[in-house]
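Working notes, beginning with the structure itself.
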Amino acid sequence: MADPAEKNMLERIPDGDNIDRLSELPNCVLLHILSRFKTKAAAATSILSTRWRDLFVSLPDVRLIYCVDSDGSGRDKLFSDFIDFANRVIRQRNKAPIRTLVVDVMHFVKSYHLAFESLLISAAAALSSCNVQRLFISVRMDKTTERFSIPIPPGIFSSKTLVCLSVNFEVDWNVPDFVWLPNLKRLYLFQFRLVDEDSIQRLLQGCPLLERLILKVHPFSYDSKSEESIEVEVLHISSPSLKSLVLFWNAKVELEFTVVVKSENLESLVCFLQGQHKVTIDAPNLKSLTVEGHVPDVHINQSLVSIDEAVVRAEFLSNVTNHSDLFLHSQRAFKFLSGMVNVKSLYLSQTTLQVIKDSEDGELDSVFQEALSLALVGQLKEIEIRSFEGEEHEFKLIEYFLKNGISLKKMTLIRDSWKTESDGCHRILSSKKCAEDCQILFITKRDALKLFL
């Protein structure tokens, strides 16, 4: 029921009043309303009246999304209509600024590639004509289609206004000789395939303000002949402005090469590694480091004197076939861990502790000091060990941490369940502690999951 004020207002409006009060609202209000709609729905309002005809082309955010049922019926016609609509939306902007341009296509098949390339050309043209600030392009291949690559127009690599660029599809990364993205701060490449050794560095040199880079490297090519023609020995990732770097390797990128990461201002580095690639890190101001996956050789050029947090889920002993390999990989692991003498928070996974497990009981003390120096342990304030299994080498390691951890404030141990004394709670609580106020937490995986969510 209407309140008294609304009732009085309604009584003053004569029957049959056809005044379009919504259209009388200022543009800023109407655009705010339209921004809640998908681009296609917003475009449909153009038929309401002359007042609405071109209003939607001034929306600051343009989201061009193609998503249909996976059964395939009528998809070719729907995709053709989508491309026609998307190109028309961009062309009708008439240089109206675009804050964010999103192109998101699902169930993509090879027959779409020529039409889609026309949309990419329109998007590249919009970068300069509409001063686009953020560009997100995502293509998800249909599971039934054969794999192929899509070339990126050179215009994508030249924009004075672009601040964020995200590309998530299997592209042919022929980076042009001239790259100029002077205001780009965030670059996300989720399906990157190496075409030549200098492609990444050419790209980075054209981005003088880049602060965050996500690089996910996939197989070079689905054509084995193309794969043989690519010779990459060293992949340089060097940028003085870079502050955050995330690296992924697909397991199928089998060609061995060395990745050299160099940035004097890099603060955060995350590496998810597969294969036999080697990594060299030259980042004197690094504060956070995560290393996960197969790590045959990670070399740090200097001690990480500034690092606060390290997460190590590395499989240092992957691809070990004999005792000589075991010794070599173990020494590399010890050298890597010894470089973190100033770490304040350390997370070690069960796979990382495997280098210690294979040592004889009588050798554990010397192995601990080689892998985890007293200087390192003395700096630690927090330690977390997940997937604790109650094996003897794990108890010995915990006792080593407690005995020498002069700054240790909290140790968290996570396993499937802590039900009986045989789980080792009493033994751990009875261990000698260098820091008497150190808190020891016994947490189940289920409770840990709740904490992380």
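Residues are referred to by chain and number: the chain letter is A, B, ... according to the order shown in the structure tokens, the number counts from 1 in that chain, and ligands are numbered separately from 1 in the order shown.
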
Exercise: region 73-87 of chain A partners within 10 Å, only C-alpha atoms, chain neighbours under 2 positions left out, as a ChimeraX atom specification
/A:39-40,43,62-71,89-92,103,105,107-109,111-112,115-123

Convert the current residue selection to file output with C-alpha atoms, as a short mmCIF file (atom, residue, chain, number, x, y, z; two decimals), in the first residue's frame.
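Writing the result to selection_8.cif gives the following:
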data_model
loop_
_atom_site.label_atom_id
_atom_site.label_comp_id
_atom_site.auth_asym_id
_atom_site.auth_seq_id
_atom_site.Cartn_x
_atom_site.Cartn_y
_atom_site.Cartn_z
CA THR A 39 25.80 -4.91 -23.58
CA LYS A 40 23.26 -6.70 -25.80
CA ALA A 43 21.61 -2.05 -26.98
CA VAL A 62 31.54 -2.78 -23.16
CA ARG A 63 31.13 -6.54 -22.53
CA LEU A 64 30.83 -8.68 -25.66
CA ILE A 65 30.06 -12.20 -24.45
CA TYR A 66 29.22 -15.23 -26.58
CA CYS A 67 27.90 -18.21 -24.61
CA VAL A 68 25.50 -20.80 -26.04
CA ASP A 69 24.34 -24.30 -25.26
CA SER A 70 27.01 -26.92 -25.87
CA ASP A 71 24.78 -29.11 -28.06
CA VAL A 89 28.82 -1.79 -31.22
CA ILE A 90 32.50 -0.84 -31.51
CA ARG A 91 32.08 1.07 -34.78
CA GLN A 92 29.11 3.06 -33.45
CA VAL A 103 35.55 -10.02 -25.39
CA VAL A 105 33.80 -16.37 -26.30
CA HIS A 107 32.54 -23.07 -27.43
CA PHE A 108 34.95 -21.70 -30.03
CA VAL A 109 35.59 -23.90 -33.11
CA SER A 111 35.47 -22.35 -38.49
CA TYR A 112 34.97 -19.19 -36.39
CA ALA A 115 35.14 -13.84 -38.24
CA PHE A 116 36.77 -13.60 -34.83
CA GLU A 117 39.90 -12.04 -36.31
CA SER A 118 37.71 -9.24 -37.68
CA LEU A 119 36.48 -8.59 -34.14
CA LEU A 120 40.06 -8.50 -32.84
CA ILE A 121 40.92 -5.92 -35.52
CA SER A 122 37.94 -3.81 -34.38
CA ALA A 123 39.08 -4.10 -30.76
#

Can you list every residue in region 148-302 of chain A that DSSP puts in strand (DSSP E or B), as an MDAnalysis selection string?
chainID A and resid 150:151 158 164:168 171:172 180 186:192 212:217 234:238 244:249 258:262 268:273 278:282 288:294 297:300

Near Val343 (chain A), within 10 Å and counting only C-alpha atoms, which residues show up once chain neighbours fewer than 4 positions away are dropped, as a short mmCIF file (atom, residue, chain, number, x, y, z; two decimals) with N, CA, C and O atoms, in the first residue's frame?
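Below is the file that was written, part.cif:
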data_model
loop_
_atom_site.label_atom_id
_atom_site.label_comp_id
_atom_site.auth_asym_id
_atom_site.auth_seq_id
_atom_site.Cartn_x
_atom_site.Cartn_y
_atom_site.Cartn_z
N LYS A 287 60.13 -9.78 -1.39
CA LYS A 287 59.55 -9.93 -0.05
C LYS A 287 58.72 -11.20 0.09
O LYS A 287 58.52 -11.69 1.19
N SER A 288 58.22 -11.73 -1.01
CA SER A 288 57.38 -12.93 -0.96
C SER A 288 57.76 -13.86 -2.11
O SER A 288 57.86 -13.43 -3.26
N LEU A 289 57.98 -15.15 -1.80
CA LEU A 289 58.40 -16.12 -2.80
C LEU A 289 57.60 -17.40 -2.63
O LEU A 289 57.49 -17.95 -1.53
N LEU A 304 68.31 -13.74 0.15
CA LEU A 304 67.07 -12.96 0.15
C LEU A 304 66.95 -12.22 1.48
O LEU A 304 66.18 -12.58 2.36
N VAL A 305 67.70 -11.14 1.60
CA VAL A 305 67.78 -10.42 2.87
C VAL A 305 66.50 -9.70 3.21
O VAL A 305 66.25 -9.37 4.36
N SER A 306 65.65 -9.43 2.20
CA SER A 306 64.45 -8.64 2.45
C SER A 306 63.18 -9.48 2.53
O SER A 306 62.10 -8.95 2.81
N ILE A 307 63.28 -10.79 2.29
CA ILE A 307 62.08 -11.61 2.17
C ILE A 307 61.41 -11.83 3.53
O ILE A 307 62.08 -12.02 4.55
N ASP A 308 60.07 -11.74 3.51
CA ASP A 308 59.29 -11.96 4.73
C ASP A 308 58.62 -13.32 4.74
O ASP A 308 58.48 -13.94 5.79
N GLU A 309 58.20 -13.78 3.57
CA GLU A 309 57.40 -15.01 3.51
C GLU A 309 57.85 -15.89 2.36
O GLU A 309 58.09 -15.40 1.25
N ALA A 310 57.99 -17.18 2.62
CA ALA A 310 58.35 -18.15 1.58
C ALA A 310 57.42 -19.35 1.67
O ALA A 310 57.19 -19.89 2.76
N GLY A 339 69.54 -20.04 1.02
CA GLY A 339 69.54 -18.66 0.58
C GLY A 339 68.50 -17.81 1.27
O GLY A 339 68.48 -16.59 1.11
N ALA A 375 70.98 -20.03 11.23
CA ALA A 375 70.67 -18.62 11.00
C ALA A 375 69.27 -18.45 10.45
O ALA A 375 68.52 -17.55 10.85
N LEU A 376 68.87 -19.34 9.53
CA LEU A 376 67.52 -19.29 8.98
C LEU A 376 66.48 -19.62 10.04
O LEU A 376 65.51 -18.88 10.22
N VAL A 377 66.67 -20.72 10.73
CA VAL A 377 65.69 -21.15 11.74
C VAL A 377 65.55 -20.11 12.84
O VAL A 377 64.46 -19.87 13.35
N GLY A 378 66.64 -19.45 13.19
CA GLY A 378 66.60 -18.44 14.24
C GLY A 378 65.78 -17.22 13.87
O GLY A 378 65.32 -16.47 14.74
N GLN A 379 65.56 -16.98 12.57
CA GLN A 379 64.79 -15.82 12.11
C GLN A 379 63.29 -16.10 12.02
O GLN A 379 62.48 -15.19 12.02
N LEU A 380 62.94 -17.39 11.93
CA LEU A 380 61.54 -17.74 11.67
C LEU A 380 60.63 -17.37 12.83
O LEU A 380 60.95 -17.62 13.99
N LYS A 381 59.48 -16.79 12.48
CA LYS A 381 58.46 -16.46 13.49
C LYS A 381 57.26 -17.40 13.38
O LYS A 381 56.58 -17.65 14.37
N GLU A 382 57.00 -17.91 12.19
CA GLU A 382 55.89 -18.84 12.00
C GLU A 382 56.34 -19.98 11.10
O GLU A 382 57.07 -19.78 10.14
#

Straight-line distance linking CA of Ser166 (chain A) with CA of Glu292 (chain A), stated in Å to one decimal:
23.5 Å

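Of the residues in region 92-209 of chain A, those given alpha helix (DSSP H) by DSSP on the backbone are His113, Leu114, Ala115, Phe116, Glu117, Ser118, Leu119, Leu120, Ile121, Ser122, Ala123, Ala124, Ala125, Ala126, Leu127, Ser128, Ser129, Ser199, Ile200, Gln201, Arg202, Leu203, Leu204 and Gln205 of chain A.
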
Atoms to include: N, CA and C atoms. Write the selected residues as a PDB file, in the first residue's frame.
ATOM      1  N   HIS A 113      37.342 -18.752 -36.868  1.00  0.00           N
ATOM      2  CA  HIS A 113      38.538 -17.937 -36.648  1.00  0.00           C
ATOM      3  C   HIS A 113      38.601 -16.686 -37.533  1.00  0.00           C
ATOM      4  N   LEU A 114      38.146 -16.755 -38.794  1.00  0.00           N
ATOM      5  CA  LEU A 114      38.224 -15.577 -39.651  1.00  0.00           C
ATOM      6  C   LEU A 114      37.300 -14.466 -39.155  1.00  0.00           C
ATOM      7  N   ALA A 115      36.075 -14.841 -38.773  1.00  0.00           N
ATOM      8  CA  ALA A 115      35.142 -13.842 -38.242  1.00  0.00           C
ATOM      9  C   ALA A 115      35.665 -13.249 -36.946  1.00  0.00           C
ATOM     10  N   PHE A 116      36.263 -14.098 -36.112  1.00  0.00           N
ATOM     11  CA  PHE A 116      36.772 -13.599 -34.828  1.00  0.00           C
ATOM     12  C   PHE A 116      37.955 -12.659 -35.033  1.00  0.00           C
ATOM     13  N   GLU A 117      38.778 -12.936 -36.036  1.00  0.00           N
ATOM     14  CA  GLU A 117      39.902 -12.036 -36.313  1.00  0.00           C
ATOM     15  C   GLU A 117      39.418 -10.643 -36.684  1.00  0.00           C
ATOM     16  N   SER A 118      38.261 -10.555 -37.355  1.00  0.00           N
ATOM     17  CA  SER A 118      37.713  -9.235 -37.679  1.00  0.00           C
ATOM     18  C   SER A 118      37.321  -8.485 -36.409  1.00  0.00           C
ATOM     19  N   LEU A 119      36.820  -9.219 -35.409  1.00  0.00           N
ATOM     20  CA  LEU A 119      36.478  -8.585 -34.137  1.00  0.00           C
ATOM     21  C   LEU A 119      37.733  -8.119 -33.409  1.00  0.00           C
ATOM     22  N   LEU A 120      38.815  -8.916 -33.462  1.00  0.00           N
ATOM     23  CA  LEU A 120      40.064  -8.500 -32.841  1.00  0.00           C
ATOM     24  C   LEU A 120      40.618  -7.239 -33.489  1.00  0.00           C
ATOM     25  N   ILE A 121      40.464  -7.121 -34.819  1.00  0.00           N
ATOM     26  CA  ILE A 121      40.917  -5.917 -35.517  1.00  0.00           C
ATOM     27  C   ILE A 121      40.103  -4.708 -35.070  1.00  0.00           C
ATOM     28  N   SER A 122      38.784  -4.899 -34.885  1.00  0.00           N
ATOM     29  CA  SER A 122      37.937  -3.807 -34.382  1.00  0.00           C
ATOM     30  C   SER A 122      38.354  -3.409 -32.972  1.00  0.00           C
ATOM     31  N   ALA A 123      38.656  -4.390 -32.138  1.00  0.00           N
ATOM     32  CA  ALA A 123      39.081  -4.098 -30.765  1.00  0.00           C
ATOM     33  C   ALA A 123      40.410  -3.347 -30.763  1.00  0.00           C
ATOM     34  N   ALA A 124      41.340  -3.746 -31.644  1.00  0.00           N
ATOM     35  CA  ALA A 124      42.630  -3.061 -31.731  1.00  0.00           C
ATOM     36  C   ALA A 124      42.443  -1.613 -32.173  1.00  0.00           C
ATOM     37  N   ALA A 125      41.537  -1.383 -33.135  1.00  0.00           N
ATOM     38  CA  ALA A 125      41.274  -0.019 -33.597  1.00  0.00           C
ATOM     39  C   ALA A 125      40.667   0.828 -32.483  1.00  0.00           C
ATOM     40  N   ALA A 126      39.838   0.188 -31.631  1.00  0.00           N
ATOM     41  CA  ALA A 126      39.189   0.922 -30.544  1.00  0.00           C
ATOM     42  C   ALA A 126      40.185   1.388 -29.492  1.00  0.00           C
ATOM     43  N   LEU A 127      41.330   0.707 -29.374  1.00  0.00           N
ATOM     44  CA  LEU A 127      42.322   1.106 -28.377  1.00  0.00           C
ATOM     45  C   LEU A 127      42.734   2.561 -28.554  1.00  0.00           C
ATOM     46  N   SER A 128      42.927   2.964 -29.801  1.00  0.00           N
ATOM     47  CA  SER A 128      43.359   4.344 -30.061  1.00  0.00           C
ATOM     48  C   SER A 128      42.179   5.295 -30.221  1.00  0.00           C
ATOM     49  N   SER A 129      41.124   4.854 -30.940  1.00  0.00           N
ATOM     50  CA  SER A 129      40.012   5.768 -31.221  1.00  0.00           C
ATOM     51  C   SER A 129      39.134   6.019 -30.004  1.00  0.00           C
ATOM     52  N   SER A 199      60.865 -12.717 -27.662  1.00  0.00           N
ATOM     53  CA  SER A 199      59.511 -12.173 -27.749  1.00  0.00           C
ATOM     54  C   SER A 199      59.063 -11.520 -26.451  1.00  0.00           C
ATOM     55  N   ILE A 200      59.305 -12.187 -25.324  1.00  0.00           N
ATOM     56  CA  ILE A 200      58.878 -11.618 -24.039  1.00  0.00           C
ATOM     57  C   ILE A 200      59.627 -10.333 -23.737  1.00  0.00           C
ATOM     58  N   GLN A 201      60.932 -10.328 -23.968  1.00  0.00           N
ATOM     59  CA  GLN A 201      61.715  -9.146 -23.625  1.00  0.00           C
ATOM     60  C   GLN A 201      61.347  -7.953 -24.499  1.00  0.00           C
ATOM     61  N   ARG A 202      61.034  -8.199 -25.794  1.00  0.00           N
ATOM     62  CA  ARG A 202      60.564  -7.105 -26.656  1.00  0.00           C
ATOM     63  C   ARG A 202      59.279  -6.510 -26.116  1.00  0.00           C
ATOM     64  N   LEU A 203      58.419  -7.391 -25.628  1.00  0.00           N
ATOM     65  CA  LEU A 203      57.150  -6.933 -25.075  1.00  0.00           C
ATOM     66  C   LEU A 203      57.364  -6.105 -23.813  1.00  0.00           C
ATOM     67  N   LEU A 204      58.248  -6.566 -22.940  1.00  0.00           N
ATOM     68  CA  LEU A 204      58.484  -5.864 -21.677  1.00  0.00           C
ATOM     69  C   LEU A 204      59.171  -4.516 -21.895  1.00  0.00           C
ATOM     70  N   GLN A 205      60.049  -4.439 -22.867  1.00  0.00           N
ATOM     71  CA  GLN A 205      60.736  -3.176 -23.128  1.00  0.00           C
ATOM     72  C   GLN A 205      59.776  -2.092 -23.594  1.00  0.00           C
TER      73      GLN A 205
END

Contacts of region 182-194 of chain A at 6 Å or less, counting only C-alpha atoms, minus same-chain residues fewer than 6 places along, as a PyMOL selection string?
chain A and resi 160+162-170+207-218+220

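Ranking A:Ser431, A:Thr100, A:Ser159, A:Thr444 by their shortest atom-to-atom distance to Leu402 (chain A), with only C-alpha atoms included, puts A:Ser431 first.
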
Give me, please, the distance in Å between CA of Val246 (chain A) and CA of Ile98 (chain A), quoted to one decimal.
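If I compute the distance from CA of Val246 (chain A) to CA of Ile98 (chain A), I get 28.0 Å.
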